[in-house]
Structures are given as structure tokens and as C-alpha cells.
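A.B. asks: A single structure is presented below for examination.
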Amino acid sequence: MNPWEFHPHPDVWALIATIGVVYWWALRNLAPPNLSPAQRAPRRKVLTFGAGLVLMWLASDWPVHDIAESYLYSVHMVQHTLLSLAAPGLLLLGLPPWLQHRLVQPPLVRRVLQRVARPLVAAVVFNAVVAFSHWPAFVDATLRRESLHFGAHALLFAAATLMWIPVVNRLPELPSMSYPVRMVYLFLQSVLPTVPASFLTFAEGPVYRFYSSVPRPFAISVVEDQQLAGAIMKLGGGAILWGTIIVLFFRWYDGEQQAAQRRRAGVLTWDEVERELQSTPAIPEPKART
């Protein structure tokens with residue numbers, strides 16, 4: 001068996017190309033006419049969306065897909081990490097604010113996201129899908145049926161996108177969190193996968209029957225392969241989440257420093273003025289003289 005033998009995946013190419021073309025078309029045709037070209041398609045947003053699309057393609061195409069599906073569960077775990085913790089967040093961050101508004105403008109979409117994108121609901125759904133995606137019977141079934149394998153990855157990607165929405169959202173229509181709450185939220189996402197990662201790392205025998213029956217052209221045993229998968233799940237996923245937490249911390253710290261400087265200079269933003277007005281008790285109206 002040759003794990004590096006090239007196998008074309010036209011369905012993957014078609015999916016990635018379609019997403020890219022729809023994104024490009026939306027930037028050119030759906031933006032409000034009063035926006036400048038820089039506001040319509042900010043360079044940083046386009047590059048971020050492109051990076052998410054590239055990671056999505058790498059996880060789904062040759063050679064990662066072929067090695068993951070036919071030889072190594074550790075490479076399968078790389079797939080899951082890219083599709084759940086890397087690509088969805090970048091794709092969401094790559095949407096300009098006006099395009100985000102357009103996407104949630106339909107009442108049905110907005111009502112559904114307002115319910116399912118709440119931090120608690122999104123976290124429960126995401127971690128439930130992650131746990132289910134490591135159930136041995138489910139993994140073995142997906143590896144024997146291509147359509148089921150695609151459906152499992154689509155479900156994982158959708159749940160991960162839901163999990164990332166409260167973190168990256170800036171729209172008033174959808175649930176969002178303060179910087180400290182976002183950091184705690186992501187910390188919990190890094191703790192909960194410890195259970196399946198430990199299960200893979202400390203298992204003394206093969207967990208998934210499929211990988212014990214496939215050719216092993218690499219110098220790695222079944223047990224070593226699943227131990228490596230557990231390390232990738234814990235350390236690789238943790239690195240992405242903790243890296244995001246560090247970025248959020250410095251943004252929060254920088255925002256607090258700028259707010260303190262504005263207060264010392266006697267300058268307030270409109271949001272700060274609204275908070276001050278809300279915290280100020282109302283002055284009772286004087287009683288009318290009789």
C-alpha cells in the first residue's frame with residue numbers, strides 16, 4: 001500500500017470553490033452602496049476568510065483525508081482539530097460586519113441563532129458532538145461509509161461554528177460575551193476534551209477496530225497511533241484555544257488602558273456615556289405645590 005498515492009477529490013474542490021465564489025460574489029454585489037471599497041471588502045477580513053478556507057481544504061483533501069481515512073487515526077484527529085478549532089473561527093472572523101448583518105437579517109435565521117448560539121447551549125452542543133464523534137462504534141461506521149463520514153465532519157463543523165459564534169460575534173442581534181467571560185468560556189472548551197484525550201492516551205489496546213485492520217505502512221503501532229491522536233487532541237486543540245485566550249486577554253487589557261486614559265482626559269465614548277447614565281439613579285420629580 002502507498003499512503004502517498006494521489007487520489008483526486010473533485011467533491012472537495014467543488015465545495016471549497018463554491019464557498020470562495022459565493023464569498024467573492026457577496027463582497028461585490030451585496031454591500032451597501034454607501035460603503036467604500038475598503039469597508040466593503042477589508043483586506044484583513046478577506047485574508048482571514050481565505051486562511052479559514054485553506055485550512056478547511058487541507059483537512060478535507062489529499063493527502064490528509066486519504067491517510068486519515070485509510071491508515072492513521074492521529075491524522076484523523078488533525079482533521080478534526082482543523083475542522084473544529086481552526087477553520088470555523090477564521091471563516092467567521094473573515095465576514096465583514098455588513099455581511100454578518102445580511103446573513104442574520106432573515107427573521108427565522110435570527111431567531112434560531114438567538115436561541116442556539118447562547119454560550120451555554122453552544123458549549124453543550126459542541127462538546128456533545130465532540131464526545132459522540134469519538135464513540136468507537138460511530139467512528140468505525142463513518143470510516144466504512146464515505147457519506148456517513150462526510151456527514152460526521154459536517155456535523156462537527158456546524159457545532160464548532162456554533163461554539164465560536166459567541167466568541168467572535170459583534171452583532172447586537174446575537175448573543176455575545178465580555179472579554180473575561182469569553183476567556184473563561186474558551187478555557188472550559190480546553191478542559192472538557194481531556195476526557196476523550198485521556199481515554200485514547202491510556203488505553204492499553206486498540207480503541208477502534210477499523211484502524212487495527214488497515215495496512216500500516218508507517219512505523220507506528222495501533223496503540224501508539226491512538227496515543228498520538230490523544231496528544232494532538234489535547235495539546236494541539238489546547239494550543240489553539242489558549243492562543244485565542246491570550247489574544248483576547250491583551251485586547252481586553254489594551255481596551256481597559258485606553259478607557260482609563262480617556263477617563264483621565266475627560267473623554268468618554270458613547271458606550272461609556274450610556275453605561276454611566278444607566279448606573280446613575282434617576283432624580284425624583286419635585287412634588288407639585290398645593
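Letters A, B, ... mark the chains of the C-alpha cells in the order given; residue numbers begin at 1 per chain; ligand numbers begin at 1, in order shown.
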Can you tell me, as a ChimeraX atom specification, which residues in segment 32-107 of chain A count as helix (DSSP H, G or I) by DSSP?
C.D. replies: /A:37-40,43-60,64-70,73-93,97-103,107
A.B. asks: When you look at Gln114 of chain A with a cut-off of 12 Å (counting only C-alpha atoms), what residues show up, excluding the ones that are within fewer than 3 positions of it in the same chain? I need them as a list in words.
C.D. replies: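 Near Gln114 of chain A, the qualifying residues are Val104, Pro107, Leu108, Val109, Arg110, Arg111, Ala117, Arg118, Pro119, Val121, Ala122, Leu162, Ile165, Pro166, Asn169, Leu171, Pro172, Glu173, Leu174, Pro175 and Ser176 of chain A.
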A.B. asks: Have a look at atom CA of Arg216 of chain A and atom CA of Val75 of chain A and let me know their distance in Å, one decimal.
C.D. replies: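 We find that atom CA of Arg216 of chain A and atom CA of Val75 of chain A lie 13.2 Å from each other.
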A.B. asks: Within 10 Å of Gly205 of chain A, counting only C-alpha atoms, which residues qualify if same-chain residues fewer than 3 places away don't, as a list in words?
C.D. replies: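 The filter keeps Leu200, Phe202, Tyr208, Ser212, Val222, Val223, Glu224 and Gln226 of chain A.
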A.B. asks: Neighbours of Pro215 of chain A within 12 Å (only C-alpha atoms; same-chain residues fewer than 5 positions away dropped), as a list in words?
C.D. replies: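 Those residues are Met1, Asn2, Pro3, Ile67, Glu69, Ser70, Tyr71, Leu72, Phe210, Ile220, Ser221 and Val222 of chain A.
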A.B. asks: Write out as a list in words which residues come within 6 Å of segment 238-247 of chain A when counting only C-alpha atoms, dropping same-chain ones fewer than 4 positions away.
C.D. replies: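 So, after excluding close chain neighbours, the residues are Met183, Ser190 and Lys234 of chain A.
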A.B. asks: Keeping only N, CA and C atoms, write the selected residues to a file as a short mmCIF file (atom, residue, chain, number, x, y, z; two decimals), in the first residue's frame.
C.D. replies:
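Written file, selection_17.cif:
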```
data_model
loop_
_atom_site.label_atom_id
_atom_site.label_comp_id
_atom_site.auth_asym_id
_atom_site.auth_seq_id
_atom_site.Cartn_x
_atom_site.Cartn_y
_atom_site.Cartn_z
N MET A 183 -12.92 34.47 27.77
CA MET A 183 -11.72 33.71 28.14
C MET A 183 -12.09 32.49 28.99
N SER A 190 -11.24 23.96 26.50
CA SER A 190 -9.95 23.26 26.51
C SER A 190 -9.87 22.20 27.60
N LYS A 234 -5.44 16.97 22.77
CA LYS A 234 -5.26 17.77 23.98
C LYS A 234 -4.32 18.95 23.75
#
```
A.B. asks: Could you name the residues that touch Pro32 of chain A at 12 Å or less, counting only C-alpha atoms, but leaving out those on the same chain fewer than 5 positions away, as a PyMOL selection string?
C.D. replies: chain A and resi 26-27+37+39-41+96-99+101-102
A.B. asks: If we count only C-alpha atoms and set the cut-off at 9 Å, which residues sit around Met77 of chain A, ignoring sequence neighbours fewer than 2 positions away in its own chain? Please answer as a list in words.
C.D. replies: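 My reading of the contact set: Ala68, Leu72, Tyr73, Ser74, Val75, Gln79, His80, Thr81, Leu82, Ala229, Gly230, Ile232 and Met233 of chain A.
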